[in-house]
Amino acid sequence: MTPPALPPLREVIARHGLSASKALGQNFLFDGQLLARIAAIPGDLTDAEVLEIGPGPGGLTRALLAAGARVTAIERDRRCIPALAELGDAYPGRLRVIEDDALAVDAPSLFDGRPHIVANLPYNVGTALLVAWLTTAWPPWWRSLTLMFQREVAERIVASAGDDAYGRLAVLAQWRTAARIAMNVHRSAFTPPPKVMSAVVHIEPREAPAGVAVATLERVTAAAFGQRRKMLRQSLKGVPGALDALAALGIDASRRAETVSVAEFVAIARALT
């Protein structure tokens, strides 16, 4: 399908009097080639269902629709709704816009199948949304996650044991998914430019390790990294059975959380589940 001719995004924004809201964590992307590269990261989107969070005036939405996706967009900023409605008119039947807070929407109920989630996430809710998507029932209700974060957050998601960025988020992200940084995005690509660099993370679900409850893994990692400079014998002493599990698994209790691999945290959680 040949994409319809659309006015430049800057023209749409000017016509609707839009500006990025700092309170909503908005930063707009105008570069069509860059947006097309982001939309290509999940693979072929022809007739695929896609959930987009915080589309704003619809820059990434355009790229997803041009790639053939059927997009459900959740946007809480009502100033952007008219611009998105114009985009829906240009792609009849392929764009559904829900005016609401993404943290409050029961997103799985919106889909019959498993959508890709692709979003330039608002910085102020990005991590909370990611954790919610990672701690859902497994296999998850989504097919893949392609998400823009501050570069610092992206590094925390993909970090390995021993890295400065390694922590609870890395364990939650990696114990049953494959997570990678798909591309970096310079701050100058945004309007207004944020103070930090950004990166797009791509996450695909894998089979979950058997015998591990996500709530147990969350409890163990929260305790371990809540006092990350302390030895495990101190940080995990409040988790019933954790020190016995360390001994049974041969994990030295004098180690610190940042040295414990994802596989070792999974083994500890399995012993406690």
# chains A, B, ... in the order shown; residues from 1 in each chain; ligands from 1

$ residues_around --residues "Gly250 in chain A" --least-positions-apart "4" --cutoff "12 Å" --atoms "only C-alpha atoms" --output "VMD selection string"
chain A and resid 243 to 246 254 to 255 264 267 to 268

$ select_by_dssp --residues "range 170-257 of chain A" --states "helix (DSSP H, G or I)" --output "PyMOL selection string"
chain A and resi 170-174+187-189+214-226+232-235+242-249+257

$ write_last_selection --atoms "C-alpha atoms" --output "PDB file, in the first residue's frame"
ATOM      1  CA  ALA A 170      18.513  -5.742  34.377  1.00  0.00           C
ATOM      2  CA  VAL A 171      17.485  -8.918  36.201  1.00  0.00           C
ATOM      3  CA  LEU A 172      13.762  -8.298  35.665  1.00  0.00           C
ATOM      4  CA  ALA A 173      14.379  -7.551  31.996  1.00  0.00           C
ATOM      5  CA  GLN A 174      16.729 -10.411  31.194  1.00  0.00           C
ATOM      6  CA  ARG A 187      19.470  14.521  21.928  1.00  0.00           C
ATOM      7  CA  SER A 188      19.513  16.939  18.970  1.00  0.00           C
ATOM      8  CA  ALA A 189      16.961  14.748  17.150  1.00  0.00           C
ATOM      9  CA  VAL A 214       8.200 -13.494  39.472  1.00  0.00           C
ATOM     10  CA  ALA A 215       7.063 -12.143  42.865  1.00  0.00           C
ATOM     11  CA  THR A 216       9.849 -14.082  44.563  1.00  0.00           C
ATOM     12  CA  LEU A 217      12.442 -12.835  42.100  1.00  0.00           C
ATOM     13  CA  GLU A 218      11.227  -9.279  42.637  1.00  0.00           C
ATOM     14  CA  ARG A 219      11.468  -9.677  46.412  1.00  0.00           C
ATOM     15  CA  VAL A 220      15.000 -11.072  46.257  1.00  0.00           C
ATOM     16  CA  THR A 221      16.306  -8.447  43.837  1.00  0.00           C
ATOM     17  CA  ALA A 222      14.612  -5.604  45.732  1.00  0.00           C
ATOM     18  CA  ALA A 223      16.356  -6.695  48.933  1.00  0.00           C
ATOM     19  CA  ALA A 224      19.711  -7.370  47.283  1.00  0.00           C
ATOM     20  CA  PHE A 225      19.946  -4.131  45.328  1.00  0.00           C
ATOM     21  CA  GLY A 226      18.213  -2.056  47.982  1.00  0.00           C
ATOM     22  CA  LEU A 232      24.438 -10.669  50.502  1.00  0.00           C
ATOM     23  CA  ARG A 233      24.445 -12.017  54.050  1.00  0.00           C
ATOM     24  CA  GLN A 234      23.330  -8.560  55.179  1.00  0.00           C
ATOM     25  CA  SER A 235      21.085  -7.470  52.321  1.00  0.00           C
ATOM     26  CA  ALA A 242      17.550 -16.714  51.371  1.00  0.00           C
ATOM     27  CA  LEU A 243      20.757 -17.354  53.288  1.00  0.00           C
ATOM     28  CA  ASP A 244      20.061 -21.104  53.349  1.00  0.00           C
ATOM     29  CA  ALA A 245      19.464 -20.938  49.592  1.00  0.00           C
ATOM     30  CA  LEU A 246      22.837 -19.231  49.079  1.00  0.00           C
ATOM     31  CA  ALA A 247      24.571 -21.962  51.036  1.00  0.00           C
ATOM     32  CA  ALA A 248      22.758 -24.744  49.173  1.00  0.00           C
ATOM     33  CA  LEU A 249      23.646 -23.174  45.812  1.00  0.00           C
ATOM     34  CA  ALA A 257      24.465  -7.914  44.534  1.00  0.00           C
TER      35      ALA A 257
END

$ closest_residue --among "A:Ala208, A:Ile41, A:Leu147, A:Ala5" --to "Arg176 in chain A" --atoms "only C-alpha atoms"
A:Ala208

$ residues_around --residues "Asp31 in chain A" --least-positions-apart "5" --cutoff "10 Å" --atoms "only C-alpha atoms" --output "list in words"
Leu9, Ala36, Gly59, Leu60, Ala189 and Phe190 of chain A

$ write_last_selection --atoms "all heavy atoms" --output "CSV table (one decimal), in the first residue's frame"
chain,number,residue,atom,x,y,z
A,9,LEU,N,5.2,17.1,9.5
A,9,LEU,CA,4.8,17.1,10.9
A,9,LEU,C,4.9,18.5,11.6
A,9,LEU,O,4.1,18.9,12.4
A,9,LEU,CB,5.6,16.0,11.7
A,9,LEU,CG,5.1,15.7,13.1
A,9,LEU,CD1,3.7,15.1,13.0
A,9,LEU,CD2,6.0,14.6,13.7
A,36,ALA,N,11.2,6.0,10.7
A,36,ALA,CA,11.0,4.7,9.9
A,36,ALA,C,12.0,3.7,10.4
A,36,ALA,O,11.6,2.5,10.4
A,36,ALA,CB,11.3,5.1,8.5
A,59,GLY,N,4.3,11.5,15.2
A,59,GLY,CA,5.4,11.2,14.3
A,59,GLY,C,5.7,9.7,14.1
A,59,GLY,O,5.8,9.2,13.0
A,60,LEU,N,5.9,9.0,15.2
A,60,LEU,CA,6.2,7.6,15.2
A,60,LEU,C,4.9,6.9,14.6
A,60,LEU,O,5.0,5.9,13.9
A,60,LEU,CB,6.6,7.1,16.5
A,60,LEU,CG,6.9,5.6,16.6
A,60,LEU,CD1,8.0,5.2,15.7
A,60,LEU,CD2,7.3,5.2,18.1
A,189,ALA,N,18.0,15.2,18.0
A,189,ALA,CA,17.0,14.7,17.1
A,189,ALA,C,15.6,15.2,17.7
A,189,ALA,O,14.6,15.1,16.9
A,189,ALA,CB,17.0,13.2,17.0
A,190,PHE,N,15.5,15.6,18.9
A,190,PHE,CA,14.2,15.9,19.6
A,190,PHE,C,13.9,17.4,19.6
A,190,PHE,O,14.9,18.2,19.6
A,190,PHE,CB,14.2,15.4,21.0
A,190,PHE,CG,14.3,13.9,21.2
A,190,PHE,CD1,15.6,13.3,21.3
A,190,PHE,CD2,13.2,13.1,21.2
A,190,PHE,CE1,15.7,11.9,21.4
A,190,PHE,CE2,13.3,11.7,21.4
A,190,PHE,CZ,14.5,11.1,21.5

$ closest_atom_pairs --of "range 175-262 of chain A" --to "range 130-145 of chain A" --cutoff "8 Å" --atoms "only C-alpha atoms" --output "Markdown table"
| residue | atom | partner | partner_atom | distance |
| --- | --- | --- | --- | --- |
| A:Val201 | CA | A:Leu145 | CA | 7.7 |
| A:His202 | CA | A:Leu145 | CA | 5.6 |
| A:Ile203 | CA | A:Leu145 | CA | 5.0 |
| A:Glu204 | CA | A:Ser144 | CA | 4.8 |
| A:Pro205 | CA | A:Ser144 | CA | 6.8 |
| A:Arg206 | CA | A:Pro139 | CA | 8.0 |
| A:Glu207 | CA | A:Pro139 | CA | 7.3 |
| A:Ala208 | CA | A:Trp138 | CA | 7.2 |
| A:Val214 | CA | A:Thr135 | CA | 6.6 |

$ write_last_selection --atoms "N, CA, C and O atoms" --output "mmCIF file, in the first residue's frame"
data_model
loop_
_atom_site.group_PDB
_atom_site.id
_atom_site.type_symbol
_atom_site.label_atom_id
_atom_site.label_comp_id
_atom_site.auth_asym_id
_atom_site.auth_seq_id
_atom_site.Cartn_x
_atom_site.Cartn_y
_atom_site.Cartn_z
ATOM 1 N N VAL A 201 15.465 0.427 22.952
ATOM 2 C CA VAL A 201 15.688 -0.941 23.428
ATOM 3 C C VAL A 201 14.665 -1.860 22.778
ATOM 4 O O VAL A 201 13.477 -1.524 22.710
ATOM 5 N N HIS A 202 15.132 -3.009 22.304
ATOM 6 C CA HIS A 202 14.225 -4.017 21.743
ATOM 7 C C HIS A 202 14.257 -5.248 22.638
ATOM 8 O O HIS A 202 15.331 -5.763 22.962
ATOM 9 N N ILE A 203 13.084 -5.703 23.043
ATOM 10 C CA ILE A 203 12.960 -6.820 23.983
ATOM 11 C C ILE A 203 12.032 -7.866 23.386
ATOM 12 O O ILE A 203 10.912 -7.550 22.968
ATOM 13 N N GLU A 204 12.493 -9.111 23.348
ATOM 14 C CA GLU A 204 11.677 -10.221 22.865
ATOM 15 C C GLU A 204 11.543 -11.271 23.968
ATOM 16 O O GLU A 204 12.532 -11.612 24.617
ATOM 17 N N PRO A 205 10.342 -11.783 24.201
ATOM 18 C CA PRO A 205 10.156 -12.772 25.270
ATOM 19 C C PRO A 205 10.801 -14.105 24.915
ATOM 20 O O PRO A 205 10.850 -14.504 23.749
ATOM 21 N N ARG A 206 11.314 -14.779 25.936
ATOM 22 C CA ARG A 206 11.819 -16.136 25.802
ATOM 23 C C ARG A 206 11.038 -17.028 26.774
ATOM 24 O O ARG A 206 10.259 -16.537 27.587
ATOM 25 N N GLU A 207 11.270 -18.312 26.689
ATOM 26 C CA GLU A 207 10.622 -19.221 27.637
ATOM 27 C C GLU A 207 11.135 -18.929 29.042
ATOM 28 O O GLU A 207 12.336 -18.798 29.264
ATOM 29 N N ALA A 208 10.219 -18.832 29.986
ATOM 30 C CA ALA A 208 10.600 -18.520 31.360
ATOM 31 C C ALA A 208 11.245 -19.732 32.024
ATOM 32 O O ALA A 208 10.802 -20.862 31.810
ATOM 33 N N VAL A 214 7.680 -14.839 39.695
ATOM 34 C CA VAL A 214 8.200 -13.494 39.472
ATOM 35 C C VAL A 214 8.157 -12.670 40.754
ATOM 36 O O VAL A 214 9.060 -11.853 41.013
#

$ select_by_dssp --residues "range 41-271 of chain A" --states "strand (DSSP E or B)" --output "ChimeraX atom specification"
/A:49-53,70-75,95-99,116-120,144-150,177-185,190-191,198-205,231,256

$ residues_around --residues "Met183 in chain A" --least-positions-apart "4" --cutoff "9 Å" --atoms "only C-alpha atoms" --output "ChimeraX atom specification"
/A:38,198-201

$ closest_residue --among "A:Leu34, A:Ala63, A:Leu51, A:Asn120" --to "Arg96 in chain A" --atoms "only C-alpha atoms"
A:Leu51

$ atom_distance --atom1 "CA of Leu95 in chain A" --atom2 "CA of Gln150 in chain A"
27.2 Å

$ residues_around --residues "range 152-161 of chain A" --least-positions-apart "5" --cutoff "7 Å" --atoms "only C-alpha atoms" --output "list in words"
Tyr166, Gly167, Leu169, Ala170, Ala173, Ala179, Arg180, Ile181, Ala199, Val201, Glu258, Thr259, Val260 and Ser261 of chain A

$ write_last_selection --atoms "C-alpha atoms" --output "CSV table (one decimal), in the first residue's frame"
chain,number,residue,atom,x,y,z
A,166,TYR,CA,23.7,-3.6,36.5
A,167,GLY,CA,20.8,-3.8,39.0
A,169,LEU,CA,15.9,-3.7,36.3
A,170,ALA,CA,18.5,-5.7,34.4
A,173,ALA,CA,14.4,-7.6,32.0
A,179,ALA,CA,17.0,-7.4,25.6
A,180,ARG,CA,19.4,-5.3,23.4
A,181,ILE,CA,20.0,-1.7,22.5
A,199,ALA,CA,18.4,4.8,23.0
A,201,VAL,CA,15.7,-0.9,23.4
A,258,GLU,CA,26.2,-6.3,41.5
A,259,THR,CA,28.4,-9.5,41.1
A,260,VAL,CA,25.5,-11.9,41.1
A,261,SER,CA,24.4,-13.0,37.6

$ atom_distance --atom1 "CA of Val71 in chain A" --atom2 "CA of Gly17 in chain A"
24.4 Å

$ closest_residue --among "A:Met231, A:Met197, A:Val50, A:Val12" --to "Glu86 in chain A" --atoms "only C-alpha atoms"
A:Val12

$ atom_distance --atom1 "CA of Arg256 in chain A" --atom2 "CA of Ala165 in chain A"
14.2 Å

$ residues_around --residues "range 52-58 of chain A" --least-positions-apart "4" --cutoff "8 Å" --atoms "only C-alpha atoms" --output "list of chain:residue names"
A:Leu9, A:Val12, A:Ile13, A:Leu18, A:Gln26, A:Phe28, A:Arg62, A:Val71, A:Thr72, A:Ala73, A:Ile74, A:Glu75, A:Arg76, A:Asp77, A:Cys80, A:Ile81, A:Ala83, A:Leu84, A:Leu87, A:Ala102, A:Ile117, A:Val118, A:Ala119, A:Asn120, A:Leu121, A:Pro122

$ closest_residue --among "A:Ala271, A:Ala253, A:Val196, A:Ala182" --to "Val212 in chain A" --atoms "only C-alpha atoms"
A:Ala271
